[in-house]
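Have a look at the structure below before the remarks.
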Amino acid sequence: MSEIKRHHTNTRMSQIVEHNGTIYLAGQVGTAGASVAQQTQDCLDAVDRLLAEVGSDKTRILQAVIWLADMADFAEMNGVWDAWVPEGQAPARACGEAKLAHPDFTVEIIVTAAAAG
């Protein structure tokens, strides 16, 4: 049976789970109350940091799921996202609207990535 590694675990969740060469990140949120662009950048900075912690990076992202509190913020979020994704390395992606954990959160990003070779 393959090992499951959990990082930054509490009673509710783990920030990172590794299994069979795949890395699953918990949903990342930004600074509550900041602009959509800043919250998006905060999320992506957290993704970069967490993936680096387990020896991976954004070029190995397989899928991203993005939740926006309001789809009217789609273009603002995409402006930050598009600048962050390396050319030719775009993952499979979905984006939808949902109530987030706190009304001051506008963006949440969930990532699944491949572990490094």
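So you can find residues: chains in the structure tokens are A, B, ... in the order shown, residues in each start at 1, and ligands are numbered from 1 in order.
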
Q) Just asking: which residues within chain A are strand (DSSP E) according to DSSP, as an MDAnalysis selection string? A) chainID A and resid 4:9 14:19 22:25 28:29 61:68 92:97 107:114

Q: Can you pull out every residue within 9 Å of range 41-58 of chain A, counting only C-alpha atoms, but drop anything in the same chain fewer than 6 positions away, and send it as a VMD selection string?
A: chain A and resid 15 to 16 18 23 25 27 to 31 77 80 to 81 84 to 86 89 107 to 111 113 to 116

Q: as a VMD selection string, please: all residues of range 62-113 of chain A that backbone DSSP puts in alpha helix (DSSP H).
A: chain A and resid 74 to 84

Using the selection just defined, write its residues with N, CA and C atoms as a PDB file, in the first residue's frame.
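Saved result, result09.pdb, follows:
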ATOM      1  N   PHE A  74     -14.294  37.911 -12.092  1.00  0.00           N
ATOM      2  CA  PHE A  74     -13.578  36.961 -12.948  1.00  0.00           C
ATOM      3  C   PHE A  74     -12.398  37.610 -13.676  1.00  0.00           C
ATOM      4  N   ALA A  75     -12.626  38.751 -14.297  1.00  0.00           N
ATOM      5  CA  ALA A  75     -11.561  39.416 -15.071  1.00  0.00           C
ATOM      6  C   ALA A  75     -10.422  39.872 -14.168  1.00  0.00           C
ATOM      7  N   GLU A  76     -10.740  40.426 -13.002  1.00  0.00           N
ATOM      8  CA  GLU A  76      -9.693  40.884 -12.077  1.00  0.00           C
ATOM      9  C   GLU A  76      -8.848  39.710 -11.588  1.00  0.00           C
ATOM     10  N   MET A  77      -9.499  38.621 -11.235  1.00  0.00           N
ATOM     11  CA  MET A  77      -8.768  37.430 -10.804  1.00  0.00           C
ATOM     12  C   MET A  77      -7.904  36.902 -11.943  1.00  0.00           C
ATOM     13  N   ASN A  78      -8.469  36.822 -13.158  1.00  0.00           N
ATOM     14  CA  ASN A  78      -7.732  36.300 -14.308  1.00  0.00           C
ATOM     15  C   ASN A  78      -6.509  37.146 -14.652  1.00  0.00           C
ATOM     16  N   GLY A  79      -6.564  38.441 -14.415  1.00  0.00           N
ATOM     17  CA  GLY A  79      -5.411  39.292 -14.672  1.00  0.00           C
ATOM     18  C   GLY A  79      -4.199  38.849 -13.867  1.00  0.00           C
ATOM     19  N   VAL A  80      -4.428  38.477 -12.615  1.00  0.00           N
ATOM     20  CA  VAL A  80      -3.346  37.999 -11.744  1.00  0.00           C
ATOM     21  C   VAL A  80      -2.967  36.570 -12.123  1.00  0.00           C
ATOM     22  N   TRP A  81      -3.969  35.725 -12.321  1.00  0.00           N
ATOM     23  CA  TRP A  81      -3.734  34.325 -12.685  1.00  0.00           C
ATOM     24  C   TRP A  81      -2.902  34.217 -13.966  1.00  0.00           C
ATOM     25  N   ASP A  82      -3.314  34.949 -15.001  1.00  0.00           N
ATOM     26  CA  ASP A  82      -2.649  34.858 -16.300  1.00  0.00           C
ATOM     27  C   ASP A  82      -1.179  35.276 -16.216  1.00  0.00           C
ATOM     28  N   ALA A  83      -0.870  36.259 -15.380  1.00  0.00           N
ATOM     29  CA  ALA A  83       0.519  36.696 -15.208  1.00  0.00           C
ATOM     30  C   ALA A  83       1.340  35.670 -14.432  1.00  0.00           C
ATOM     31  N   TRP A  84       0.678  34.838 -13.635  1.00  0.00           N
ATOM     32  CA  TRP A  84       1.353  33.861 -12.777  1.00  0.00           C
ATOM     33  C   TRP A  84       1.639  32.536 -13.482  1.00  0.00           C
TER      34      TRP A  84
END

**Q.** Interatomic distance (Å, one decimal) between CA of Thr9 in chain A and CA of Gln39 in chain A
**A.**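 For CA of Thr9 in chain A relative to CA of Gln39 in chain A, the distance reads 23.0 Å.
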
Q | Option closest in space to Tyr24 in chain A, from A:Thr59, A:Val36, A:Pro103, A:Ala64 [counting only C-alpha atoms] | A | A:Ala64
